[in-house]
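What follows is protein.txt (compact mmCIF, C-alpha atoms).
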```
# COMPACT_ATOMS: atom_id res chain seq x y z
CA MET A 891 -2.34 44.87 -20.25
CA ALA A 892 -0.38 46.91 -17.69
CA GLU A 893 1.17 44.94 -14.86
CA THR A 894 2.78 45.79 -11.53
CA PHE A 895 5.40 43.83 -9.62
CA PHE A 896 4.64 43.73 -5.88
CA VAL A 897 7.16 42.78 -3.21
CA ARG A 898 6.41 42.41 0.52
CA TRP A 899 9.04 41.70 3.14
CA SER A 900 8.85 41.36 6.90
CA ASN A 901 12.08 39.88 8.25
CA PRO A 902 15.16 41.74 6.97
CA GLY A 903 16.03 40.44 3.51
CA THR A 904 13.13 37.92 3.31
CA ALA A 905 10.47 38.71 0.72
CA THR A 906 7.38 37.46 -1.09
CA TRP A 907 6.68 38.78 -4.58
CA GLY A 908 4.57 38.44 -7.69
CA ALA A 909 3.34 40.31 -10.77
CA PHE A 910 -0.34 41.27 -11.07
CA ASP A 911 -2.31 42.84 -13.91
CA GLN A 912 -4.70 45.75 -13.39
CA THR A 913 -7.63 43.37 -12.79
CA GLY A 914 -5.79 41.81 -9.82
CA ARG A 915 -4.92 38.57 -11.63
CA LEU A 916 -1.63 36.95 -10.66
CA LEU A 917 0.70 36.58 -13.64
CA GLY A 918 2.88 33.50 -13.15
CA ALA A 919 3.79 32.05 -9.77
CA LEU A 920 4.46 33.69 -6.42
CA GLY A 921 8.09 33.98 -5.43
CA ARG A 922 9.71 33.72 -2.01
CA GLY A 923 13.30 34.35 -1.01
CA SER A 924 15.76 37.19 -0.67
CA LEU A 925 15.26 40.74 -1.87
CA GLN A 926 18.06 40.13 -4.36
CA SER A 927 15.99 37.29 -5.85
CA ALA A 928 12.97 39.61 -5.98
CA HIS A 929 15.07 42.14 -7.90
CA THR A 930 15.95 39.48 -10.47
CA ALA A 931 12.28 38.52 -10.84
CA ALA A 932 11.19 42.16 -11.22
CA ALA A 933 13.05 42.39 -14.57
CA GLY A 934 12.62 46.15 -14.91
CA ARG A 935 8.84 46.21 -14.31
CA ARG A 936 7.05 48.86 -12.28
CA CYS A 937 7.48 47.89 -8.64
CA THR A 938 5.35 48.56 -5.55
CA ALA A 939 6.84 47.65 -2.15
CA LEU A 940 4.50 46.69 0.72
CA VAL A 941 5.90 47.66 4.13
CA ASN A 942 5.03 46.74 7.71
CA ALA A 943 1.62 48.20 8.54
CA VAL A 944 2.50 48.57 12.23
CA ASP A 945 5.04 51.24 11.28
CA VAL A 946 2.57 53.25 9.17
CA LEU A 947 -0.30 55.26 10.61
CA LEU A 948 -3.20 55.32 8.14
CA SER A 949 -5.66 57.90 9.33
CA GLU A 950 -8.53 60.10 8.16
CA ALA A 951 -8.26 63.87 8.18
CA THR A 952 -10.62 66.65 7.17
CA LEU A 953 -8.53 68.77 4.83
CA PRO A 954 -9.38 71.76 2.63
CA ALA A 955 -9.19 71.73 -1.14
CA ALA A 956 -5.54 72.36 -2.01
CA SER A 957 -2.59 70.93 -3.89
CA GLN A 958 -0.91 67.79 -2.57
CA SER A 959 2.19 69.72 -1.53
CA ARG A 960 0.02 72.14 0.48
CA LEU A 961 -1.98 69.28 2.03
CA ARG A 962 1.26 67.62 3.16
CA GLN A 963 2.07 70.83 5.03
CA ILE A 964 -1.36 70.93 6.68
CA ALA A 965 -1.66 67.22 7.59
CA PRO A 966 0.92 67.20 10.45
CA PHE A 967 -1.06 69.74 12.43
CA THR A 968 -4.30 67.80 11.87
CA LEU A 969 -2.81 64.49 13.07
CA GLU A 970 -0.36 65.83 15.66
CA GLU A 971 -2.30 64.47 18.64
CA SER A 972 -2.39 60.96 17.10
CA LEU A 973 1.38 60.70 16.66
CA ALA A 974 3.90 59.32 19.11
CA ASN A 975 6.82 61.01 17.32
CA ASP A 976 7.47 64.68 16.77
CA VAL A 977 5.93 65.83 13.47
CA ASP A 978 9.38 67.05 12.34
CA GLU A 979 10.56 63.42 12.42
CA MET A 980 7.63 62.15 10.33
CA VAL A 981 6.90 61.87 6.61
CA PHE A 982 3.29 62.44 5.48
CA ALA A 983 1.59 61.21 2.30
CA ILE A 984 -1.83 62.22 0.99
CA GLY A 985 -4.14 59.44 -0.18
CA SER A 986 -7.59 59.23 -1.74
CA LYS A 987 -10.80 60.97 -0.75
CA LEU A 988 -13.19 58.84 1.32
CA PRO A 989 -17.00 58.77 0.87
CA SER A 990 -17.31 60.70 4.14
CA GLY A 991 -15.39 63.62 2.61
CA ALA A 992 -12.30 62.97 4.74
CA THR A 993 -8.92 62.29 3.13
CA LEU A 994 -6.68 59.30 3.79
CA VAL A 995 -3.34 60.39 5.21
CA ALA A 996 -0.37 58.10 5.83
CA ALA A 997 2.34 59.00 8.35
CA VAL A 998 5.63 57.18 8.92
CA ALA A 999 8.82 57.98 10.80
CA GLN A 1000 11.48 59.35 8.48
CA ASP A 1001 14.14 56.93 9.76
CA ARG A 1002 11.82 53.97 8.96
CA ILE A 1003 11.19 54.99 5.36
CA ASP A 1004 14.91 55.73 4.93
CA ALA A 1005 15.72 52.24 6.25
CA TRP A 1006 13.20 50.60 3.91
CA LEU A 1007 14.47 52.43 0.85
CA GLY A 1008 18.06 51.69 1.82
CA GLU A 1009 17.33 47.96 2.11
CA LEU A 1010 15.46 47.91 -1.21
CA ARG A 1011 18.13 49.83 -3.09
CA GLY A 1012 20.81 47.67 -1.53
CA ALA A 1013 19.12 44.75 -3.30
CA GLY A 1014 18.89 46.71 -6.56
CA ILE A 1015 15.14 47.48 -6.27
CA VAL A 1016 14.04 51.06 -6.99
CA PRO A 1017 10.29 51.11 -6.22
CA ASN A 1018 7.78 53.34 -7.99
CA ALA A 1019 5.54 53.18 -4.91
CA VAL A 1020 5.79 52.19 -1.25
CA CYS A 1021 2.50 51.39 0.51
CA SER A 1022 1.43 50.06 3.87
CA GLU A 1023 0.68 46.36 3.37
CA HIS A 1024 -2.75 46.75 4.95
CA ASP A 1025 -3.68 49.41 2.40
CA GLY A 1026 -4.42 46.28 0.35
CA ILE A 1027 -7.30 45.21 2.61
CA PRO A 1028 -10.43 45.53 0.43
CA ASP A 1029 -13.11 48.12 1.11
CA THR A 1030 -16.36 46.15 0.88
CA PRO A 1031 -19.78 47.86 1.26
CA ALA A 1032 -21.70 46.97 4.46
CA THR A 1033 -19.02 44.45 5.48
CA LEU A 1034 -16.31 44.41 8.12
CA ILE A 1035 -13.12 42.86 6.72
CA LEU A 1036 -10.71 41.22 9.16
CA LEU A 1037 -7.22 40.00 8.24
CA ILE A 1038 -5.51 37.84 10.89
CA GLU A 1039 -1.86 36.85 10.61
CA GLY A 1040 -0.43 35.19 13.71
CA GLU A 1041 -0.92 37.64 16.61
CA ARG A 1042 -1.82 40.57 14.35
CA ILE A 1043 -5.43 41.57 13.68
CA ALA A 1044 -5.98 44.08 10.90
CA GLY A 1045 -9.05 45.08 8.96
CA ARG A 1046 -11.19 47.72 7.36
CA LYS A 1047 -14.66 49.12 7.80
CA PRO A 1048 -16.54 50.32 4.68
CA GLY A 1049 -15.32 53.73 3.52
CA ARG A 1050 -12.78 54.00 6.36
CA ALA A 1051 -9.00 53.78 6.78
CA PRO A 1052 -7.49 50.35 7.55
CA PHE A 1053 -6.67 49.51 11.20
CA VAL A 1054 -4.14 47.14 12.78
CA PHE A 1055 -3.71 45.74 16.30
CA GLU A 1056 -0.90 43.50 17.51
CA GLY A 1057 -0.77 41.34 20.63
CA MET A 1058 -4.46 41.80 21.48
CA GLU A 1059 -7.28 39.29 21.72
CA LEU A 1060 -10.09 39.41 19.18
CA ALA A 1061 -12.54 40.04 22.01
CA GLN A 1062 -10.60 43.21 22.88
CA VAL A 1063 -10.37 44.41 19.28
CA LEU A 1064 -14.03 44.00 18.25
CA PRO A 1065 -15.54 46.58 20.66
CA LEU A 1066 -12.99 49.15 19.46
CA VAL A 1067 -13.68 48.38 15.81
CA LEU A 1068 -17.46 48.24 16.07
CA ALA A 1069 -17.78 51.51 17.97
CA ARG A 1070 -19.80 53.73 15.66
CA LYS A 1071 -19.99 57.41 14.92
CA PRO A 1072 -23.53 58.90 14.99
CA ASP A 1073 -23.79 58.92 11.18
CA GLU A 1074 -22.15 55.52 10.70
CA PRO A 1075 -24.41 52.53 9.84
CA GLU A 1076 -24.29 49.33 11.85
CA LEU A 1077 -22.35 46.47 10.28
CA HIS A 1078 -24.25 43.20 9.81
CA HIS A 1079 -21.66 41.22 7.83
CA VAL A 1080 -18.09 40.13 8.50
CA ARG A 1081 -15.51 38.47 6.26
CA VAL A 1082 -12.37 37.02 7.83
CA PHE A 1083 -9.09 36.12 6.12
CA THR A 1084 -6.70 34.23 8.37
CA ASP A 1085 -3.48 32.27 8.09
CA ALA A 1086 -2.93 28.95 9.85
CA ALA A 1087 -1.27 30.56 12.89
CA GLY A 1088 -4.11 33.06 13.30
CA HIS A 1089 -6.72 30.36 12.94
CA ALA A 1090 -4.99 28.25 15.59
CA ARG A 1091 -4.92 31.16 18.05
CA PHE A 1092 -8.35 32.74 17.45
CA GLY A 1093 -10.32 29.71 16.19
CA GLN A 1094 -12.89 29.68 19.02
CA GLU A 1095 -13.39 33.42 18.92
CA LEU A 1096 -13.86 33.33 15.15
CA VAL A 1097 -16.65 30.77 15.51
CA GLY A 1098 -18.29 33.15 17.98
CA LEU A 1099 -18.53 35.84 15.29
CA ARG A 1100 -21.47 33.99 13.76
CA SER A 1101 -23.62 35.07 16.69
CA LYS A 1102 -22.59 38.72 16.42
CA PHE A 1103 -23.28 39.25 12.70
CA ALA A 1104 -26.07 38.35 10.30
CA SER A 1105 -23.50 36.61 8.09
CA ALA A 1106 -19.90 35.55 8.66
CA ASP A 1107 -17.55 34.28 5.96
CA PHE A 1108 -14.15 32.72 6.70
CA LYS A 1109 -11.24 32.06 4.34
CA LEU A 1110 -8.02 30.25 5.26
CA LEU A 1111 -4.99 31.81 3.53
CA ASN A 1112 -2.92 28.81 2.48
CA GLU A 1113 -0.47 31.00 0.55
CA GLY A 1114 -0.51 33.85 3.05
CA ALA A 1115 -2.09 37.28 2.82
CA PHE A 1116 0.27 38.72 0.21
CA PRO A 1117 -1.59 37.68 -2.99
CA HIS A 1118 -4.87 39.10 -1.64
CA LEU A 1119 -3.28 42.38 -0.58
CA ALA A 1120 -1.40 42.80 -3.86
CA ALA A 1121 -4.47 41.92 -5.96
CA THR A 1122 -6.48 44.66 -4.23
CA LEU A 1123 -3.74 47.24 -4.71
CA ALA A 1124 -3.36 46.30 -8.38
CA GLN A 1125 -7.02 47.29 -8.89
CA ARG A 1126 -7.12 50.22 -6.44
CA PRO A 1127 -3.73 51.84 -5.77
CA GLY A 1128 -3.07 52.67 -2.12
CA THR A 1129 -1.47 55.72 -0.53
CA ASN A 1130 2.02 56.01 -1.97
CA LEU A 1131 4.49 57.05 0.75
CA LEU A 1132 6.90 58.29 -1.92
CA GLN A 1133 5.71 61.87 -2.13
CA GLY A 1134 7.46 65.21 -1.93
CA ALA A 1135 11.19 64.72 -1.39
CA TYR A 1136 10.71 60.94 -1.68
CA ALA A 1137 8.91 61.05 -5.05
CA PRO A 1138 10.56 58.50 -7.36
CA LYS A 1139 12.92 59.64 -10.08
CA SER A 1140 12.68 58.00 -13.47
CA ASN A 1141 14.77 54.82 -13.51
CA TRP A 1142 15.29 54.82 -17.27
CA VAL A 1143 18.23 52.44 -17.26
CA ALA A 1144 16.32 49.69 -15.48
CA LEU A 1145 13.13 50.27 -17.48
CA LEU A 1146 14.90 50.20 -20.83
CA GLN A 1147 17.04 47.16 -20.10
CA PRO A 1148 14.44 44.60 -21.32
CA TRP A 1149 13.98 46.64 -24.51
CA ARG A 1150 17.66 46.90 -25.37
CA VAL A 1151 17.57 44.35 -28.24
CA ALA A 1152 14.34 45.84 -29.63
CA ALA A 1153 15.88 49.33 -29.46
CA GLN A 1154 18.97 48.15 -31.32
CA LEU A 1155 16.82 46.60 -34.06
CA ALA A 1156 14.73 49.78 -34.29
CA ALA A 1157 17.89 51.89 -34.57
CA ALA A 1158 19.21 49.61 -37.34
CA ALA A 1159 15.88 49.91 -39.18
CA ILE A 1160 16.01 53.72 -38.92
CA VAL A 1161 19.58 53.81 -40.28
CA LEU A 1162 18.63 51.51 -43.16
CA SER A 1163 15.59 53.68 -43.92
CA LEU A 1164 17.76 56.81 -44.02
CA VAL A 1165 20.23 55.11 -46.37
CA LEU A 1166 17.40 54.05 -48.71
CA GLN A 1167 15.87 57.54 -48.65
CA GLY A 1168 19.27 59.03 -49.40
CA ALA A 1169 19.65 56.70 -52.40
CA GLN A 1170 16.16 57.63 -53.62
CA LEU A 1171 16.93 61.34 -53.24
CA TRP A 1172 20.13 60.93 -55.23
CA GLN A 1173 18.21 59.08 -57.98
CA LEU A 1174 15.48 61.76 -58.05
CA ARG A 1175 18.06 64.50 -58.39
CA ARG A 1176 19.63 62.68 -61.34
CA THR A 1177 16.20 62.28 -62.96
CA ASP A 1178 15.39 65.95 -62.32
CA ALA A 1179 18.65 67.03 -63.92
CA ALA A 1180 17.94 64.84 -66.95
CA LEU A 1181 14.42 66.31 -67.34
CA GLU A 1182 15.72 69.86 -67.09
CA ALA A 1183 18.27 69.09 -69.79
CA ALA A 1184 15.52 67.66 -72.03
CA VAL A 1185 13.08 70.57 -71.43
CA ALA A 1186 15.65 73.40 -71.77
CA PRO A 1187 15.81 73.45 -75.62
CA ALA A 1188 11.99 73.60 -75.88
CA CYS A 1189 11.81 76.41 -73.32
CA GLU A 1190 14.49 78.34 -75.17
CA ARG A 1191 12.63 77.90 -78.44
CA VAL A 1192 9.15 78.80 -77.13
CA VAL A 1193 9.73 81.48 -74.47
CA GLY A 1194 13.36 82.44 -75.01
CA ASP A 1195 14.51 81.26 -71.57
CA SER A 1196 16.17 77.85 -71.11
CA SER A 1197 15.87 77.84 -67.26
CA THR A 1198 12.99 75.82 -65.78
CA SER A 1199 11.93 78.59 -63.39
CA GLY A 1200 11.93 81.21 -66.14
CA CYS A 1201 9.95 78.93 -68.42
CA GLN A 1202 7.34 78.27 -65.71
CA ARG A 1203 7.00 81.98 -64.95
CA GLU A 1204 6.48 82.89 -68.61
CA VAL A 1205 3.90 80.11 -69.17
CA ARG A 1206 1.93 81.22 -66.08
CA GLN A 1207 1.90 84.81 -67.32
CA ARG A 1208 0.68 83.73 -70.74
CA LEU A 1209 -2.03 81.49 -69.29
CA GLY A 1210 -3.25 84.35 -67.10
CA ALA A 1211 -3.06 86.93 -69.90
CA GLY A 1212 -6.13 89.08 -70.63
CA ALA A 1213 -7.48 92.20 -68.99
CA THR A 1214 -5.09 94.22 -66.93
CA SER A 1215 -4.59 92.65 -63.45
CA PRO A 1216 -7.43 90.09 -63.74
CA THR A 1217 -8.75 88.66 -60.52
CA GLU A 1218 -9.16 85.19 -62.07
CA ASP A 1219 -6.79 83.58 -64.54
CA PHE A 1220 -6.83 80.24 -66.35
CA LEU A 1221 -5.29 78.26 -63.50
CA SER A 1222 -7.56 79.65 -60.78
CA THR A 1223 -10.63 79.10 -63.00
CA LEU A 1224 -9.55 75.54 -63.75
CA ALA A 1225 -9.01 74.90 -60.02
CA ALA A 1226 -12.52 76.16 -59.25
CA VAL A 1227 -14.01 73.95 -61.98
CA ALA A 1228 -12.18 70.92 -60.60
CA ALA A 1229 -13.45 71.65 -57.08
CA ALA A 1230 -17.08 72.05 -58.17
CA ARG A 1231 -17.19 69.16 -60.66
CA ASP A 1232 -19.25 66.07 -59.85
CA PRO A 1233 -17.00 62.95 -59.81
CA GLU A 1234 -19.24 61.39 -62.49
CA MET A 1235 -18.95 64.42 -64.78
CA ARG A 1236 -16.30 64.51 -67.50
CA MET A 1237 -15.01 67.44 -69.54
CA ASP A 1238 -15.05 67.01 -73.32
CA LEU A 1239 -13.88 70.39 -74.58
CA LEU A 1240 -12.30 73.41 -72.94
CA SER A 1241 -11.11 76.77 -74.22
CA TYR A 1242 -10.00 79.91 -72.37
CA ARG A 1243 -9.65 83.50 -73.54
CA ASN A 1244 -9.86 86.88 -71.78
CA ARG A 1245 -10.97 85.47 -68.39
CA ALA A 1246 -13.73 83.45 -70.08
CA MET A 1247 -13.73 79.66 -70.15
CA ASN A 1248 -15.98 77.78 -72.57
CA LEU A 1249 -16.58 74.32 -71.24
CA GLN A 1250 -18.38 71.30 -72.70
CA VAL A 1251 -19.16 68.52 -70.20
CA ILE A 1252 -20.90 65.14 -70.16
CA ALA A 1253 -22.97 64.75 -66.96
CA PRO A 1254 -25.30 62.02 -65.59
CA ASN A 1255 -28.34 64.30 -65.93
CA THR A 1256 -29.42 67.90 -66.51
CA GLY A 1257 -29.64 68.51 -62.76
CA ALA A 1258 -25.93 67.73 -62.33
CA VAL A 1259 -25.05 70.45 -64.89
CA ALA A 1260 -27.29 72.95 -63.08
CA GLU A 1261 -25.80 72.07 -59.68
CA PHE A 1262 -22.28 72.44 -61.13
CA ALA A 1263 -23.08 75.90 -62.48
CA ASP A 1264 -24.79 76.92 -59.23
CA GLU A 1265 -21.80 75.87 -57.10
CA LEU A 1266 -19.44 77.95 -59.26
CA GLN A 1267 -21.86 80.88 -59.12
CA GLN A 1268 -22.02 80.72 -55.31
CA THR A 1269 -18.27 81.36 -55.05
CA ARG A 1270 -19.06 84.92 -56.27
CA ARG A 1271 -15.87 84.71 -58.30
CA PHE A 1272 -17.54 83.83 -61.61
CA ALA A 1273 -20.50 84.59 -63.77
CA VAL A 1274 -21.76 81.27 -65.16
CA GLU A 1275 -24.11 80.88 -68.15
CA ILE A 1276 -25.52 77.51 -69.25
CA GLU A 1277 -25.62 77.75 -73.06
CA ALA A 1278 -26.94 74.21 -73.58
CA ASN A 1279 -28.12 71.32 -71.40
CA ASN A 1280 -29.42 68.54 -73.67
CA PRO A 1281 -29.91 64.79 -73.09
CA ILE A 1282 -27.85 62.56 -75.37
CA ASP A 1283 -28.43 59.10 -76.78
CA GLY A 1284 -27.25 56.29 -74.51
CA GLY A 1285 -27.95 58.24 -71.31
CA GLY A 1286 -26.45 61.34 -69.78
CA THR A 1287 -26.53 65.01 -70.70
CA GLU A 1288 -24.28 67.26 -72.76
CA GLY A 1289 -23.85 70.65 -71.15
CA ARG A 1290 -22.09 73.72 -72.49
CA LEU A 1291 -21.20 76.50 -70.10
CA ARG A 1292 -19.49 79.86 -70.27
CA ILE A 1293 -17.59 80.76 -67.11
CA VAL A 1294 -16.35 84.35 -66.80
CA GLY A 1295 -14.04 85.51 -64.01
CA ALA A 1296 -15.06 88.47 -61.87
CA ASN A 1297 -14.06 91.96 -63.05
CA PRO A 1298 -10.83 93.29 -61.51
```

Here is the file; what I need is its structure written in the form of structure tokens.
Amino acid sequence: MAETFFVRWSNPGTATWGAFDQTGRLLGALGRGSLQSAHTAAAGRRCTALVNAVDVLLSEATLPAASQSRLRQIAPFTLEESLANDVDEMVFAIGSKLPSGATLVAAVAQDRIDAWLGELRGAGIVPNAVCSEHDGIPDTPATLILLIEGERIAGRKPGRAPFVFEGMELAQVLPLVLARKPDEPELHHVRVFTDAAGHARFGQELVGLRSKFASADFKLLNEGAFPHLAATLAQRPGTNLLQGAYAPKSNWVALLQPWRVAAQLAAAAIVLSLVLQGAQLWQLRRTDAALEAAVAPACERVVGDSSTSGCQREVRQRLGAGATSPTEDFLSTLAAVAAARDPEMRMDLLSYRNRAMNLQVIAPNTGAVAEFADELQQTRRFAVEIEANNPIDGGGTEGRLRIVGANP
């Protein structure tokens, strides 16, 4: 099953990582430490880096149907009023289509993405994808998802882009989040994921959510938010910031490193196979030469030509002899008989002269002989006459047929 190695880091050089399969299941244990340690743990696997959500604007834009490269050109003008930086200093990435028809668009300052990639590559990590960490917040129907880490409140409404607020009280964030568009349904359920620091700060306010929603579910993140974010992204890839000029190049050296021993064994097997085939070819050539030497005297005696090719040509001409330029010769007639013959039918006698083949067969029943003759007749290459079709003692039928090739 395909797996992806996820690495998330907040403080410079400090990371959390783990490998997840495509169902979101963690493979092995989570790792924590330096980016260099994460590089060692990655071991050449496909890598997705999760970056600080505060630095990435995830927004919704109404875009026309076009290629991704064209949409990246259009997106800056659609989001220009939402950006603090000049659009020329930003990098834009096109994400998935939302149920509303809008498209997810990610925007990040060019110097930030350059800094992230520089730090990752300095540790030896060449990511296949870079996503905002909060792109891993699940999209759950009819439910508001809140993710609280320390002073940061992030979340997602159904079918919408993730949001993030930092340094604000929950009471300030909720009115902003719950404000609805005219066509947007009211949310009756909330699910909250929080770390210990977030629970300590917003504990009382979280209890108050029970009175604002029909149902409220709370989960304390003992191992932090990373495994939940990565598990979601393993099942539903987020918006990859590495698009356009930042699109990843194939890192064949790193990817092939774990397969080096297997590749060497495969190469050795191929070389051995070629040696064996060469030996077999040499043996076949020796056998062929010996057969030609044995056949040459007979060919010389029968057709007056000791060469194999000349002997074959003369035999074919003699087998096809008859009327001038016949359309069917012995070999073509025999091939047609073989193609039409029932597997349970056997040929007892066969003679051929002047495009006519006399054939005696033993068949399971009289119908099999008739079907055999009819199939040959339907080729329109032969005239077929059943001269006899008689049951024989012990079961089966003896059929005699005359098969004449078409006139030239």

Which residue of A:Thr1122, A:Thr906, A:Ser1105, A:Ser957 approaches A:Pro1028 most closely, using only C-alpha atoms: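 Nearest candidate to A:Pro1028 out of A:Thr1122, A:Thr906, A:Ser1105, A:Ser957: A:Thr1122.
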
Among the residues A:Gln1062, A:Gln1267, A:Ser927, A:Thr952, the one that comes closest to A:Ala965 [using all atoms listed in the file]: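 Looking at the shortest contact to A:Ala965, the residue is A:Thr952.
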
Between atom CA of A:Gly1098 and atom CA of A:Ala1061, what is the distance, to one decimal in Å? 9.8 Å

List the spatial neighbours of A:Lys1109 as a list in words - criterion: any atom at most 10 Å away, all atoms listed in the file, same-chain residues fewer than 5 positions off excluded.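 Final neighbour list, sorted by chain and number: Leu1037, Arg1081, Val1082, Phe1083, Thr1084, Asp1085 and His1089 of chain A.
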
Next, dump the selected residues to file, keeping only C-alpha atoms, as a tab-separated table (two decimals), keeping the file's coordinate frame.
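Ended up saving to selection37.tsv:
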```tsv
chain	number	residue	atom	x	y	z
A	1037	LEU	CA	-7.22	40.00	8.24
A	1081	ARG	CA	-15.51	38.47	6.26
A	1082	VAL	CA	-12.37	37.02	7.83
A	1083	PHE	CA	-9.09	36.12	6.12
A	1084	THR	CA	-6.70	34.23	8.37
A	1085	ASP	CA	-3.48	32.27	8.09
A	1089	HIS	CA	-6.72	30.36	12.94
```

Go through A:Leu940, A:Glu1277, A:Gln1125, A:Asp1073 one by one, measure the shortest atom-to-atom distance of each to A:Asp1029 using all atoms listed in the file, and give the residue with the smallest value.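 Among the listed residues, A:Gln1125 lies closest to A:Asp1029.
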
A:Ala1087, A:Glu1275, A:Leu1166, A:Gly921: which is nearest A:Asn1112, counting only C-alpha atoms?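 Smallest separation from A:Asn1112 among the options: A:Ala1087.
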
Taking only residues of stretch 1167-1239 of chain A that have an atom at most 10 Å from an atom of stretch 1286-1295 of chain A, what is each one's shortest atom pair and its distance in Å to one decimal, using all atoms listed in the file, in chain and number order, as a Markdown table?
```
| residue | atom | partner | partner_atom | distance |
| --- | --- | --- | --- | --- |
| A:Pro1216 | CA | A:Gly1295 | CA | 8.0 |
| A:Thr1217 | CA | A:Gly1295 | CA | 7.1 |
| A:Glu1218 | CA | A:Gly1295 | CA | 5.3 |
| A:Asp1219 | CA | A:Gly1295 | CA | 7.5 |
| A:Phe1220 | CA | A:Gly1295 | CA | 9.2 |
| A:Ser1222 | CA | A:Gly1295 | CA | 9.3 |
| A:Thr1223 | CA | A:Gly1295 | CA | 7.3 |
| A:Val1227 | CA | A:Ile1293 | CA | 9.2 |
| A:Met1235 | CA | A:Gly1286 | CA | 9.5 |
| A:Arg1236 | CA | A:Glu1288 | CA | 9.9 |
| A:Met1237 | CA | A:Gly1289 | CA | 9.5 |
| A:Asp1238 | CA | A:Glu1288 | CA | 9.3 |
| A:Leu1239 | CA | A:Arg1290 | CA | 9.1 |
```

Hey, which of A:Leu1036, A:Ala1229, A:Ile964, A:Ile984 ends up closest to A:Gly1088? Count all atoms listed in the file.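 Checking each of A:Leu1036, A:Ala1229, A:Ile964, A:Ile984 against A:Gly1088, counting all atoms listed in the file, the winner is A:Leu1036.
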
For atom CA of A:Val1251 and atom CA of A:Ala1230, quote the distance in Å rounded to one decimal.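 Answer for the atom CA of A:Val1251 to atom CA of A:Ala1230 separation: 12.7 Å.
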
Spatial neighbours of A:Leu1064, max dist 12 Å, only C-alpha atoms, sep filter under 5 positions, as a PDB file with C-alpha atoms, keeping the file's coordinate frame:
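The new file part34.pdb reads:
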```pdb
ATOM      1  CA  LEU A1034     -16.310  44.410   8.120  1.00  0.00           C
ATOM      2  CA  ILE A1035     -13.120  42.860   6.720  1.00  0.00           C
ATOM      3  CA  LEU A1036     -10.710  41.220   9.160  1.00  0.00           C
ATOM      4  CA  ILE A1043      -5.430  41.570  13.680  1.00  0.00           C
ATOM      5  CA  ALA A1044      -5.980  44.080  10.900  1.00  0.00           C
ATOM      6  CA  GLY A1045      -9.050  45.080   8.960  1.00  0.00           C
ATOM      7  CA  ARG A1046     -11.190  47.720   7.360  1.00  0.00           C
ATOM      8  CA  LYS A1047     -14.660  49.120   7.800  1.00  0.00           C
ATOM      9  CA  PHE A1053      -6.670  49.510  11.200  1.00  0.00           C
ATOM     10  CA  VAL A1054      -4.140  47.140  12.780  1.00  0.00           C
ATOM     11  CA  PHE A1055      -3.710  45.740  16.300  1.00  0.00           C
ATOM     12  CA  MET A1058      -4.460  41.800  21.480  1.00  0.00           C
ATOM     13  CA  GLU A1059      -7.280  39.290  21.720  1.00  0.00           C
ATOM     14  CA  ALA A1069     -17.780  51.510  17.970  1.00  0.00           C
ATOM     15  CA  ARG A1070     -19.800  53.730  15.660  1.00  0.00           C
ATOM     16  CA  LEU A1077     -22.350  46.470  10.280  1.00  0.00           C
ATOM     17  CA  VAL A1080     -18.090  40.130   8.500  1.00  0.00           C
ATOM     18  CA  GLU A1095     -13.390  33.420  18.920  1.00  0.00           C
ATOM     19  CA  LEU A1096     -13.860  33.330  15.150  1.00  0.00           C
ATOM     20  CA  GLY A1098     -18.290  33.150  17.980  1.00  0.00           C
ATOM     21  CA  LEU A1099     -18.530  35.840  15.290  1.00  0.00           C
ATOM     22  CA  LYS A1102     -22.590  38.720  16.420  1.00  0.00           C
ATOM     23  CA  PHE A1103     -23.280  39.250  12.700  1.00  0.00           C
TER      24      PHE A1103
END
```

Residue nearest A:Ile1276 among A:Thr1033, A:Asn1248, A:Gln1170, A:Asn1255 (counting only C-alpha atoms):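 Ranking A:Thr1033, A:Asn1248, A:Gln1170, A:Asn1255 by distance to A:Ile1276, first place goes to A:Asn1248.
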